[in-house]
>>> print(open('entry16.txt').read())   # compact mmCIF, C-alpha atoms
# COMPACT_ATOMS: atom_id res chain seq x y z
CA MET V 987 41.23 -1.19 -26.46
CA ARG V 988 38.46 -2.19 -28.79
CA PHE V 989 37.81 -5.79 -29.71
CA SER V 990 35.73 -7.37 -32.41
CA VAL V 991 33.86 -10.33 -30.95
CA LEU V 992 32.31 -13.33 -32.62
CA VAL V 993 30.22 -15.73 -30.55
CA GLU V 994 28.92 -18.86 -32.24
CA THR V 995 26.39 -20.88 -30.27
CA ARG V 996 25.24 -24.37 -31.01
CA LEU V 997 23.43 -27.21 -29.34
CA HIS V 998 25.50 -29.61 -27.22
CA ASP V 999 26.36 -32.89 -28.87
CA GLY V 1000 23.59 -35.33 -28.12
CA ILE V 1001 20.86 -32.67 -27.92
CA ALA V 1002 18.34 -33.22 -30.68
CA ASP V 1003 18.29 -30.46 -33.30
CA PRO V 1004 14.85 -30.47 -34.97
CA GLU V 1005 15.78 -27.56 -37.23
CA GLY V 1006 19.00 -29.21 -38.42
CA ALA V 1007 17.20 -32.51 -38.99
CA THR V 1008 14.53 -30.79 -41.11
CA ILE V 1009 17.14 -29.00 -43.22
CA GLU V 1010 19.05 -32.25 -43.67
CA ARG V 1011 15.92 -34.02 -44.88
CA SER V 1012 15.14 -31.17 -47.29
CA LEU V 1013 18.50 -30.98 -49.03
CA PRO V 1014 18.14 -34.14 -51.17
CA ALA V 1015 14.86 -32.74 -52.53
CA LEU V 1016 16.92 -29.93 -54.08
CA GLY V 1017 19.49 -32.36 -55.45
CA PHE V 1018 22.11 -31.93 -52.73
CA GLU V 1019 23.15 -35.45 -51.85
CA GLY V 1020 25.57 -36.77 -49.26
CA VAL V 1021 24.96 -34.16 -46.53
CA SER V 1022 24.87 -35.42 -42.98
CA GLY V 1023 25.18 -34.09 -39.45
CA VAL V 1024 23.48 -30.71 -40.02
CA ARG V 1025 23.49 -28.63 -36.83
CA VAL V 1026 21.95 -25.17 -36.65
CA GLY V 1027 23.29 -22.46 -34.37
CA LYS V 1028 23.38 -18.71 -33.97
CA CYS V 1029 26.14 -16.19 -34.24
CA PHE V 1030 26.55 -12.83 -32.55
CA ARG V 1031 29.01 -10.14 -33.69
CA PHE V 1032 29.71 -7.06 -31.67
CA ALA V 1033 32.41 -4.62 -30.60
CA LEU V 1034 33.64 -4.57 -27.02
CA ASP V 1035 35.84 -2.08 -25.20
CA ALA V 1036 38.06 -3.73 -22.59
CA PRO V 1037 41.47 -3.09 -20.99
CA ASP V 1038 43.05 -6.15 -22.60
CA ALA V 1039 42.27 -9.29 -24.56
CA GLU V 1040 42.14 -11.54 -21.53
CA ARG V 1041 39.50 -9.44 -19.82
CA ALA V 1042 37.57 -9.03 -23.06
CA GLU V 1043 37.40 -12.79 -23.44
CA ALA V 1044 36.42 -13.31 -19.79
CA GLU V 1045 33.63 -10.78 -20.19
CA VAL V 1046 32.29 -12.52 -23.29
CA ARG V 1047 32.41 -15.93 -21.62
CA ASP V 1048 30.38 -14.51 -18.75
CA MET V 1049 27.84 -13.14 -21.26
CA CYS V 1050 27.61 -16.59 -22.81
CA ALA V 1051 27.08 -18.33 -19.50
CA ARG V 1052 24.45 -15.90 -18.23
CA PHE V 1053 22.61 -14.74 -21.31
CA LEU V 1054 23.70 -15.57 -24.84
CA THR V 1055 23.45 -19.34 -24.39
CA ASN V 1056 21.19 -21.58 -22.39
CA PRO V 1057 23.89 -23.75 -20.80
CA VAL V 1058 21.40 -26.61 -20.42
CA ILE V 1059 21.33 -27.17 -24.17
CA GLU V 1060 23.89 -24.87 -25.82
CA SER V 1061 27.59 -24.18 -25.88
CA ALA V 1062 29.52 -21.40 -27.58
CA THR V 1063 32.78 -20.71 -29.36
CA VAL V 1064 34.22 -17.27 -28.64
CA THR V 1065 36.61 -15.41 -30.93
CA VAL V 1066 38.04 -12.08 -29.78
CA GLU V 1067 40.09 -9.95 -32.16
CA GLN V 1068 41.71 -6.65 -31.41
CA VAL V 1069 40.59 -3.85 -33.70
CA ALA V 1070 43.52 -1.90 -35.11
CA GLU V 1071 43.82 1.81 -34.24
CA GLY V 1072 41.50 3.77 -36.51
CA GLY V 1073 40.50 0.76 -38.58
CA ALA V 1074 38.67 -2.47 -38.79
CA THR V 1075 40.08 -5.92 -38.22
CA GLY V 1076 41.48 -8.02 -40.96
CA THR V 1077 42.61 -5.19 -43.26
CA ALA V 1078 44.95 -5.82 -46.17
CA ASN V 1079 48.02 -4.76 -44.20
CA GLY V 1080 47.39 -7.50 -41.71
CA ALA V 1081 46.17 -5.33 -38.86
CA GLY V 1082 43.93 -7.04 -36.37
CA GLN V 1083 45.17 -10.28 -35.02
CA PRO V 1084 43.04 -12.92 -33.43
CA VAL V 1085 43.99 -12.81 -29.79
CA GLY V 1086 41.72 -15.41 -28.36
CA THR V 1087 39.48 -18.21 -29.42
CA GLY V 1088 38.10 -21.03 -27.45
CA GLU V 1089 35.30 -23.29 -26.42
CA GLU V 1090 32.86 -22.25 -23.79
CA GLN V 1091 31.27 -25.21 -22.07
CA ALA V 1092 29.25 -23.27 -19.59
CA MET C 226 -11.84 -13.88 1.01
CA ALA C 227 -10.98 -15.06 -2.48
CA ALA C 228 -7.33 -15.95 -3.01
CA ARG C 229 -5.50 -13.27 -5.00
CA VAL C 230 -3.53 -14.50 -7.99
CA GLY C 231 -1.09 -12.10 -9.63
CA VAL C 232 -0.79 -12.62 -13.38
CA VAL C 233 2.39 -11.11 -14.80
CA VAL C 234 2.18 -9.12 -18.02
CA PHE C 235 5.37 -8.97 -20.05
CA PRO C 236 5.52 -7.06 -23.33
CA GLY C 237 4.24 -9.77 -25.69
CA SER C 238 2.27 -11.83 -23.15
CA ASN C 239 -1.10 -12.71 -24.65
CA CYS C 240 -2.87 -15.08 -22.24
CA GLU C 241 -3.01 -12.86 -19.16
CA HIS C 242 -6.71 -12.01 -19.47
CA ASP C 243 -7.57 -15.66 -20.11
CA VAL C 244 -5.78 -16.59 -16.88
CA VAL C 245 -7.56 -13.84 -14.91
CA GLU C 246 -10.85 -15.12 -16.34
CA GLY C 247 -9.98 -18.74 -15.53
CA VAL C 248 -8.92 -17.87 -11.98
CA GLY C 249 -12.25 -16.06 -11.57
CA ALA C 250 -14.14 -19.09 -12.88
CA ALA C 251 -12.34 -21.20 -10.28
CA GLY C 252 -13.45 -18.84 -7.51
CA GLY C 253 -10.38 -16.65 -7.07
CA GLU C 254 -9.43 -13.11 -7.89
CA GLY C 255 -6.93 -12.60 -10.70
CA ARG C 256 -5.08 -9.32 -10.98
CA LEU C 257 -2.55 -8.17 -13.53
CA LEU C 258 1.02 -7.37 -12.50
CA TRP C 259 3.34 -5.36 -14.76
CA HIS C 260 6.73 -6.93 -15.45
CA GLY C 261 8.49 -3.61 -14.82
CA ASP C 262 7.29 -3.41 -11.22
CA ARG C 263 9.53 -4.64 -8.43
CA SER C 264 6.80 -5.66 -6.02
CA LEU C 265 4.10 -8.32 -6.15
CA GLY C 266 1.80 -6.40 -3.84
CA ASP C 267 -0.37 -8.59 -1.63
CA VAL C 268 -0.96 -11.51 -3.98
CA ASP C 269 -1.09 -15.08 -2.64
CA ALA C 270 0.09 -16.78 -5.85
CA VAL C 271 1.73 -15.83 -9.13
CA VAL C 272 1.06 -17.03 -12.67
CA LEU C 273 3.39 -16.36 -15.58
CA PRO C 274 1.02 -16.61 -18.54
CA GLY C 275 1.51 -17.71 -22.11
CA GLY C 276 2.50 -15.54 -25.03
CA PHE C 277 5.75 -14.28 -26.51
CA ALA C 278 7.41 -12.25 -23.77
CA HIS C 279 9.85 -9.77 -25.31
CA GLY C 280 9.09 -11.29 -28.70
CA ASP C 281 10.83 -14.53 -27.71
CA TYR C 282 14.01 -12.79 -28.90
CA LEU C 283 17.24 -14.73 -28.31
CA ARG C 284 15.28 -17.68 -26.80
CA PRO C 285 11.78 -17.88 -25.33
CA GLY C 286 12.03 -16.53 -21.78
CA ALA C 287 15.68 -15.47 -22.09
CA ILE C 288 14.99 -11.74 -21.77
CA ALA C 289 11.89 -11.98 -19.57
CA ARG C 290 13.96 -13.54 -16.80
CA PHE C 291 15.72 -10.17 -16.40
CA SER C 292 12.46 -8.22 -16.02
CA PRO C 293 12.43 -6.25 -12.75
CA ILE C 294 9.52 -8.25 -11.29
CA MET C 295 11.44 -11.53 -11.60
CA GLU C 296 13.55 -10.79 -8.51
CA ALA C 297 10.38 -10.51 -6.42
CA ILE C 298 9.03 -13.71 -8.00
CA VAL C 299 12.23 -15.63 -7.22
CA ALA C 300 12.08 -14.43 -3.60
CA PHE C 301 8.37 -15.31 -3.39
CA ALA C 302 9.06 -18.81 -4.78
CA GLU C 303 11.99 -19.34 -2.43
CA ALA C 304 9.73 -18.42 0.48
CA GLY C 305 7.33 -21.19 -0.60
CA GLY C 306 4.81 -19.08 -2.52
CA PRO C 307 2.92 -20.84 -5.32
CA VAL C 308 4.28 -19.86 -8.76
CA VAL C 309 2.90 -21.35 -11.95
CA GLY C 310 4.30 -20.88 -15.46
CA ILE C 311 2.03 -21.75 -18.33
CA CYS C 312 3.55 -22.26 -21.79
CA ASN C 313 5.76 -19.18 -22.31
CA GLY C 314 5.65 -18.81 -18.52
CA PHE C 315 7.16 -22.31 -18.20
CA GLN C 316 9.93 -21.20 -20.57
CA VAL C 317 10.56 -18.15 -18.36
CA LEU C 318 10.79 -20.40 -15.28
CA THR C 319 13.39 -22.68 -16.88
CA GLU C 320 15.43 -19.74 -18.17
CA SER C 321 15.36 -18.12 -14.74
CA GLY C 322 16.53 -21.32 -13.05
CA LEU C 323 13.39 -21.79 -10.93
CA LEU C 324 12.80 -25.06 -12.80
CA PRO C 325 15.45 -27.33 -14.36
CA GLY C 326 15.82 -28.23 -18.02
CA ALA C 327 14.90 -26.31 -21.16
CA LEU C 328 12.19 -26.14 -23.81
CA GLN C 329 13.39 -26.63 -27.35
CA ARG C 330 11.71 -26.33 -30.73
CA ASN C 331 9.04 -28.98 -31.25
CA ALA C 332 10.20 -32.11 -33.02
CA GLY C 333 8.93 -31.70 -36.58
CA LEU C 334 9.17 -27.88 -36.31
CA LYS C 335 5.42 -27.42 -36.25
CA PHE C 336 3.58 -24.83 -34.19
CA LEU C 337 1.06 -26.98 -32.32
CA CYS C 338 -2.33 -25.59 -31.36
CA ARG C 339 -4.78 -28.31 -30.38
CA PRO C 340 -6.35 -30.18 -27.48
CA THR C 341 -4.16 -32.78 -25.82
CA THR C 342 -4.73 -35.36 -23.15
CA VAL C 343 -2.36 -35.12 -20.21
CA ARG C 344 -2.05 -37.50 -17.31
CA VAL C 345 -1.48 -36.18 -13.82
CA GLU C 346 1.61 -37.97 -12.50
CA ALA C 347 2.16 -36.30 -9.14
CA SER C 348 -0.11 -34.80 -6.53
CA GLY C 349 0.78 -32.41 -3.76
CA THR C 350 2.05 -29.66 -6.07
CA ALA C 351 0.70 -26.12 -6.36
CA LEU C 352 -1.43 -27.23 -9.31
CA THR C 353 -2.29 -30.77 -8.24
CA ARG C 354 -2.66 -30.63 -4.47
CA ASP C 355 -5.51 -33.09 -4.27
CA VAL C 356 -5.60 -34.40 -7.82
CA ALA C 357 -5.04 -38.14 -7.90
CA PRO C 358 -2.14 -39.40 -10.03
CA GLY C 359 -3.52 -41.18 -13.08
CA THR C 360 -6.24 -38.59 -13.65
CA THR C 361 -6.39 -37.64 -17.33
CA LEU C 362 -7.30 -34.12 -18.39
CA ARG C 363 -8.19 -32.68 -21.79
CA ILE C 364 -6.30 -29.39 -22.07
CA PRO C 365 -5.09 -27.47 -25.15
CA ILE C 366 -1.50 -26.73 -26.09
CA ASN C 367 -0.39 -23.77 -28.17
CA HIS C 368 3.36 -23.62 -28.70
CA PHE C 369 6.37 -23.82 -30.99
CA SER C 370 8.96 -24.58 -28.32
CA GLY C 371 7.45 -27.12 -25.95
CA ASN C 372 9.92 -29.94 -26.43
CA TYR C 373 11.16 -30.47 -22.87
CA THR C 374 14.76 -31.54 -22.54
CA CYS C 375 17.20 -32.01 -19.67
CA ASP C 376 20.30 -34.05 -18.92
CA GLU C 377 20.14 -37.64 -17.65
CA ALA C 378 20.96 -36.73 -14.05
CA THR C 379 18.17 -34.14 -13.92
CA LEU C 380 15.70 -36.57 -15.45
CA ALA C 381 16.62 -39.23 -12.88
CA GLU C 382 16.14 -36.69 -10.09
CA LEU C 383 12.76 -35.53 -11.45
CA ARG C 384 11.59 -39.15 -11.60
CA ALA C 385 12.93 -40.14 -8.20
CA ASP C 386 11.39 -37.13 -6.46
CA GLU C 387 8.08 -37.46 -8.33
CA ARG C 388 8.50 -34.00 -9.80
CA ILE C 389 7.14 -34.90 -13.23
CA VAL C 390 3.67 -33.47 -12.69
CA PHE C 391 2.10 -34.05 -16.12
CA ARG C 392 2.85 -36.34 -19.06
CA TYR C 393 1.27 -36.27 -22.50
CA VAL C 394 -0.67 -39.41 -23.30
CA ASP C 395 0.37 -38.95 -26.97
CA ASN C 396 3.62 -36.99 -26.98
CA PRO C 397 2.96 -34.22 -29.54
CA ASN C 398 6.29 -32.36 -29.53
CA GLY C 399 9.11 -34.79 -28.83
CA SER C 400 9.43 -33.96 -25.12
CA THR C 401 11.82 -36.13 -23.12
CA ASP C 402 9.83 -38.82 -21.31
CA SER C 403 6.60 -37.21 -22.66
CA ILE C 404 6.95 -34.50 -20.03
CA ALA C 405 4.25 -31.81 -20.17
CA GLY C 406 4.93 -30.24 -16.77
CA ILE C 407 7.30 -30.41 -13.81
CA CYS C 408 7.63 -28.86 -10.36
CA SER C 409 10.37 -27.55 -8.10
CA ALA C 410 11.84 -29.53 -5.20
CA GLY C 411 9.51 -27.61 -2.87
CA ARG C 412 6.56 -28.49 -5.17
CA ASN C 413 5.35 -24.88 -5.05
CA VAL C 414 6.73 -23.88 -8.46
CA VAL C 415 5.06 -25.66 -11.39
CA GLY C 416 5.63 -25.20 -15.12
CA LEU C 417 3.52 -26.78 -17.83
CA MET C 418 3.02 -26.32 -21.57
CA PRO C 419 -0.76 -27.03 -21.72
CA HIS C 420 -3.10 -24.10 -20.93
CA PRO C 421 -5.50 -24.89 -18.04
CA GLU C 422 -7.16 -21.48 -18.48
CA ARG C 423 -8.23 -22.51 -21.96
CA ALA C 424 -10.11 -25.43 -20.45
CA SER C 425 -11.99 -23.50 -17.79
CA HIS C 426 -15.44 -23.09 -19.33
CA ALA C 427 -17.85 -25.42 -21.13
CA LEU C 428 -17.90 -22.97 -24.05
CA LEU C 429 -14.18 -23.61 -24.53
CA GLY C 430 -14.80 -27.32 -25.02
CA SER C 431 -13.41 -28.52 -21.70
CA THR C 432 -13.51 -27.60 -18.03
CA ASP C 433 -10.69 -29.98 -17.10
CA GLY C 434 -8.36 -27.08 -16.29
CA LEU C 435 -10.54 -25.92 -13.41
CA VAL C 436 -9.36 -28.65 -11.05
CA LEU C 437 -5.81 -27.32 -11.50
CA LEU C 438 -6.76 -23.67 -11.04
CA ARG C 439 -8.76 -24.56 -7.92
CA SER C 440 -5.73 -26.37 -6.58
CA LEU C 441 -3.70 -23.21 -7.12
CA LEU C 442 -6.29 -21.22 -5.17
CA VAL C 443 -6.09 -23.70 -2.29
CA ALA C 444 -2.29 -23.43 -2.33
CA ALA C 445 -2.63 -19.63 -2.39
CA GLY C 446 -5.17 -19.73 0.44
CA ALA C 447 -2.86 -21.88 2.54
CA LEU C 448 -0.20 -19.20 2.18
CA ALA C 449 -2.64 -16.39 2.96
CA ALA C 450 -3.94 -18.15 6.09
>>> encode(input="entry16.txt", output="structure tokens")
Amino acid sequence: MRFSVLVETRLHDGIADPEGATIERSLPALGFEGVSGVRVGKCFRFALDAPDAERAEAEVRDMCARFLTNPVIESATVTVEQVAEGGATGTANGAGQPVGTGEEQA
Amino acid sequence: MAARVGVVVFPGSNCEHDVVEGVGAAGGEGRLLWHGDRSLGDVDAVVLPGGFAHGDYLRPGAIARFSPIMEAIVAFAEAGGPVVGICNGFQVLTESGLLPGALQRNAGLKFLCRPTTVRVEASGTALTRDVAPGTTLRIPINHFSGNYTCDEATLAELRADERIVFRYVDNPNGSTDSIAGICSAGRNVVGLMPHPERASHALLGSTDGLVLLRSLLVAAGALAA
């Protein structure tokens, strides 16, 4: 089975985010008022072949814990979606259902 | 015989020759080690130099920690061998778990390249064997991600065990507790953001780094003996 994976990493709550703070301070200069709590993260998209959704998600969580995030400062949200036979996820006929999403607090 | 210090070259390292030069100025013999090798040879100490190992892709140090030579370095460190990470090398040591905490982007998002004054806070480490706490040293920094951070429990442990080796006198990058360098529980692994090798000759504007490099050679010699 092939899965489409989305991993979104971000800094733990309480960890200072110098990049987010700089962006937040810059927005009013462009006329965007009322923005607060800017946090900057990364996202990774990739395809993964795995026997089933559960194992796909376990594999991605392991990747997050050992490589994609630094667990000292970052956590990740993992979304795993099965790719429909011969097609991409999220097509007009509704193929490709999200089969797992969750927080990784490695 | 001069103590042999292995200086690891990752793709993107750029301070390895400076470290070899600095080790030589301190009376030792620096030799380059390739990150793809699995053996350290017969070196008595290891330095992970500054630079941008593997382009700093993903996070500084995140990919370097999987370089083949890192297994030998972890084993060497666990056996008590002196291992020092300077700047990017410090980032590699935190990513590889040899030192706790992490180095984030500098507060203010500026790349900082300038002399700083650091205070030695702990002696008896691979870099500060006989350097008295309270000694101040003028040593340059050169980094974008030198903002040391760790959780409260780790910070309490570092303080209690006197493992904060260096603090900035004027915190330039937002580091927790002004931390510029720390050591492992065994005190043989030391990571610091300032570059002692860039303060190892009068022509460079300071020779304050030599006392640290000499300490490393003594630590290396103790292992060799």
>>> closest_atom_pairs(input="entry16.txt", of="region 280-388 of chain C", to="region 399-421 of chain C", cutoff="6 Å", atoms="all atoms listed in the file", output="JSON lines")
{"residue": "C:Pro307", "atom": "CA", "partner": "C:Asn413", "partner_atom": "CA", "distance": 4.7}
{"residue": "C:Val308", "atom": "CA", "partner": "C:Val414", "partner_atom": "CA", "distance": 4.7}
{"residue": "C:Val309", "atom": "CA", "partner": "C:Val415", "partner_atom": "CA", "distance": 4.9}
{"residue": "C:Gly310", "atom": "CA", "partner": "C:Gly416", "partner_atom": "CA", "distance": 4.5}
{"residue": "C:Ile311", "atom": "CA", "partner": "C:Leu417", "partner_atom": "CA", "distance": 5.3}
{"residue": "C:Cys312", "atom": "CA", "partner": "C:Met418", "partner_atom": "CA", "distance": 4.1}
{"residue": "C:Phe315", "atom": "CA", "partner": "C:Gly416", "partner_atom": "CA", "distance": 4.5}
{"residue": "C:Leu324", "atom": "CA", "partner": "C:Ser409", "partner_atom": "CA", "distance": 5.8}
{"residue": "C:Ala332", "atom": "CA", "partner": "C:Gly399", "partner_atom": "CA", "distance": 5.1}
{"residue": "C:Thr350", "atom": "CA", "partner": "C:Arg412", "partner_atom": "CA", "distance": 4.7}
{"residue": "C:Ala351", "atom": "CA", "partner": "C:Asn413", "partner_atom": "CA", "distance": 5.0}
{"residue": "C:Pro365", "atom": "CA", "partner": "C:Pro419", "partner_atom": "CA", "distance": 5.5}
{"residue": "C:Ile366", "atom": "CA", "partner": "C:Pro419", "partner_atom": "CA", "distance": 4.4}
{"residue": "C:Asn372", "atom": "CA", "partner": "C:Ser400", "partner_atom": "CA", "distance": 4.3}
{"residue": "C:Tyr373", "atom": "CA", "partner": "C:Ser400", "partner_atom": "CA", "distance": 4.5}
{"residue": "C:Thr374", "atom": "CA", "partner": "C:Thr401", "partner_atom": "CA", "distance": 5.5}
{"residue": "C:Arg388", "atom": "CA", "partner": "C:Cys408", "partner_atom": "CA", "distance": 5.2}
>>> closest_atom_pairs(input="entry16.txt", of="chain V", to="chain C", cutoff="10 Å", atoms="only C-alpha atoms", output="Markdown table")
| residue | atom | partner | partner_atom | distance |
| --- | --- | --- | --- | --- |
| V:Gly1000 | CA | C:Asp376 | CA | 9.9 |
| V:Ile1001 | CA | C:Thr374 | CA | 8.2 |
| V:Ala1002 | CA | C:Ala332 | CA | 8.5 |
| V:Asp1003 | CA | C:Arg330 | CA | 8.2 |
| V:Pro1004 | CA | C:Ala332 | CA | 5.3 |
| V:Glu1005 | CA | C:Leu334 | CA | 6.7 |
| V:Ala1007 | CA | C:Gly333 | CA | 8.7 |
| V:Thr1008 | CA | C:Gly333 | CA | 7.3 |
| V:Lys1028 | CA | C:Leu283 | CA | 9.3 |
| V:Arg1052 | CA | C:Ala287 | CA | 9.6 |
| V:Phe1053 | CA | C:Ala287 | CA | 7.0 |
| V:Leu1054 | CA | C:Leu283 | CA | 7.4 |
| V:Thr1055 | CA | C:Leu283 | CA | 8.7 |
| V:Asn1056 | CA | C:Glu320 | CA | 7.4 |
| V:Pro1057 | CA | C:Ala327 | CA | 9.4 |
| V:Val1058 | CA | C:Gly326 | CA | 6.3 |
| V:Ile1059 | CA | C:Ala327 | CA | 7.2 |
>>> closest_residue(input="entry16.txt", among="C:Val233, C:Cys240, C:Val436, C:Val248", to="Arg263 (chain C)", atoms="all atoms listed in the file")
C:Val233
>>> residues_around(input="entry16.txt", residues="region 987-995 of chain V", least_positions_apart="5", cutoff="8 Å", atoms="all atoms listed in the file", output="VMD selection string")
chain V and resid 1027 to 1039 1042 1055 1060 to 1069 1075
>>> write_last_selection(input="entry16.txt", atoms="C-alpha atoms", output="PDB file, in the coordinates of the input")
ATOM      1  CA  GLY V1027      23.290 -22.460 -34.370  1.00  0.00           C
ATOM      2  CA  LYS V1028      23.380 -18.710 -33.970  1.00  0.00           C
ATOM      3  CA  CYS V1029      26.140 -16.190 -34.240  1.00  0.00           C
ATOM      4  CA  PHE V1030      26.550 -12.830 -32.550  1.00  0.00           C
ATOM      5  CA  ARG V1031      29.010 -10.140 -33.690  1.00  0.00           C
ATOM      6  CA  PHE V1032      29.710  -7.060 -31.670  1.00  0.00           C
ATOM      7  CA  ALA V1033      32.410  -4.620 -30.600  1.00  0.00           C
ATOM      8  CA  LEU V1034      33.640  -4.570 -27.020  1.00  0.00           C
ATOM      9  CA  ASP V1035      35.840  -2.080 -25.200  1.00  0.00           C
ATOM     10  CA  ALA V1036      38.060  -3.730 -22.590  1.00  0.00           C
ATOM     11  CA  PRO V1037      41.470  -3.090 -20.990  1.00  0.00           C
ATOM     12  CA  ASP V1038      43.050  -6.150 -22.600  1.00  0.00           C
ATOM     13  CA  ALA V1039      42.270  -9.290 -24.560  1.00  0.00           C
ATOM     14  CA  ALA V1042      37.570  -9.030 -23.060  1.00  0.00           C
ATOM     15  CA  THR V1055      23.450 -19.340 -24.390  1.00  0.00           C
ATOM     16  CA  GLU V1060      23.890 -24.870 -25.820  1.00  0.00           C
ATOM     17  CA  SER V1061      27.590 -24.180 -25.880  1.00  0.00           C
ATOM     18  CA  ALA V1062      29.520 -21.400 -27.580  1.00  0.00           C
ATOM     19  CA  THR V1063      32.780 -20.710 -29.360  1.00  0.00           C
ATOM     20  CA  VAL V1064      34.220 -17.270 -28.640  1.00  0.00           C
ATOM     21  CA  THR V1065      36.610 -15.410 -30.930  1.00  0.00           C
ATOM     22  CA  VAL V1066      38.040 -12.080 -29.780  1.00  0.00           C
ATOM     23  CA  GLU V1067      40.090  -9.950 -32.160  1.00  0.00           C
ATOM     24  CA  GLN V1068      41.710  -6.650 -31.410  1.00  0.00           C
ATOM     25  CA  VAL V1069      40.590  -3.850 -33.700  1.00  0.00           C
ATOM     26  CA  THR V1075      40.080  -5.920 -38.220  1.00  0.00           C
TER      27      THR V1075
END
>>> atom_distance(input="entry16.txt", atom1="CA of Ala347 (chain C)", atom2="CA of Glu296 (chain C)")
27.9 Å
>>> atom_distance(input="entry16.txt", atom1="CA of Val394 (chain C)", atom2="CA of Ala357 (chain C)")
16.1 Å
>>> closest_residue(input="entry16.txt", among="C:Phe277, C:Phe301, C:Trp259, C:Tyr282", to="Ala445 (chain C)", atoms="all atoms listed in the file")
C:Phe301
>>> decode(input="entry16.txt", residues="region 321-334 of chain C", atoms="N, CA and C atoms", output="compact mmCIF listing (two decimals), in the first residue's frame")
# COMPACT_ATOMS: atom_id res chain seq x y z
N SER C 321 23.66 14.58 18.39
CA SER C 321 24.01 13.17 18.53
C SER C 321 23.77 12.66 19.95
N GLY C 322 23.36 13.56 20.84
CA GLY C 322 23.02 13.14 22.20
C GLY C 322 24.23 13.04 23.13
N LEU C 323 25.41 13.43 22.66
CA LEU C 323 26.58 13.40 23.55
C LEU C 323 26.53 14.55 24.54
N LEU C 324 25.82 15.60 24.19
CA LEU C 324 25.58 16.72 25.11
C LEU C 324 24.09 17.04 25.09
N PRO C 325 23.53 17.48 26.23
CA PRO C 325 22.09 17.76 26.29
C PRO C 325 21.75 19.13 25.70
N GLY C 326 20.45 19.32 25.45
CA GLY C 326 19.99 20.62 24.98
C GLY C 326 20.05 20.74 23.47
N ALA C 327 19.87 21.98 22.98
CA ALA C 327 19.85 22.23 21.54
C ALA C 327 20.28 23.67 21.29
N LEU C 328 20.72 23.93 20.06
CA LEU C 328 21.11 25.29 19.68
C LEU C 328 20.16 25.81 18.63
N GLN C 329 19.45 26.87 19.02
CA GLN C 329 18.43 27.45 18.16
C GLN C 329 18.98 28.66 17.43
N ARG C 330 18.18 29.18 16.50
CA ARG C 330 18.50 30.46 15.86
C ARG C 330 18.79 31.53 16.92
N ASN C 331 19.74 32.41 16.62
CA ASN C 331 20.03 33.50 17.53
C ASN C 331 18.80 34.38 17.73
N ALA C 332 18.61 34.85 18.94
CA ALA C 332 17.57 35.85 19.18
C ALA C 332 17.93 37.05 18.30
N GLY C 333 16.96 37.60 17.60
CA GLY C 333 17.23 38.73 16.72
C GLY C 333 17.60 38.29 15.30
N LEU C 334 17.74 36.97 15.10
CA LEU C 334 17.97 36.40 13.76
C LEU C 334 19.16 36.98 13.04
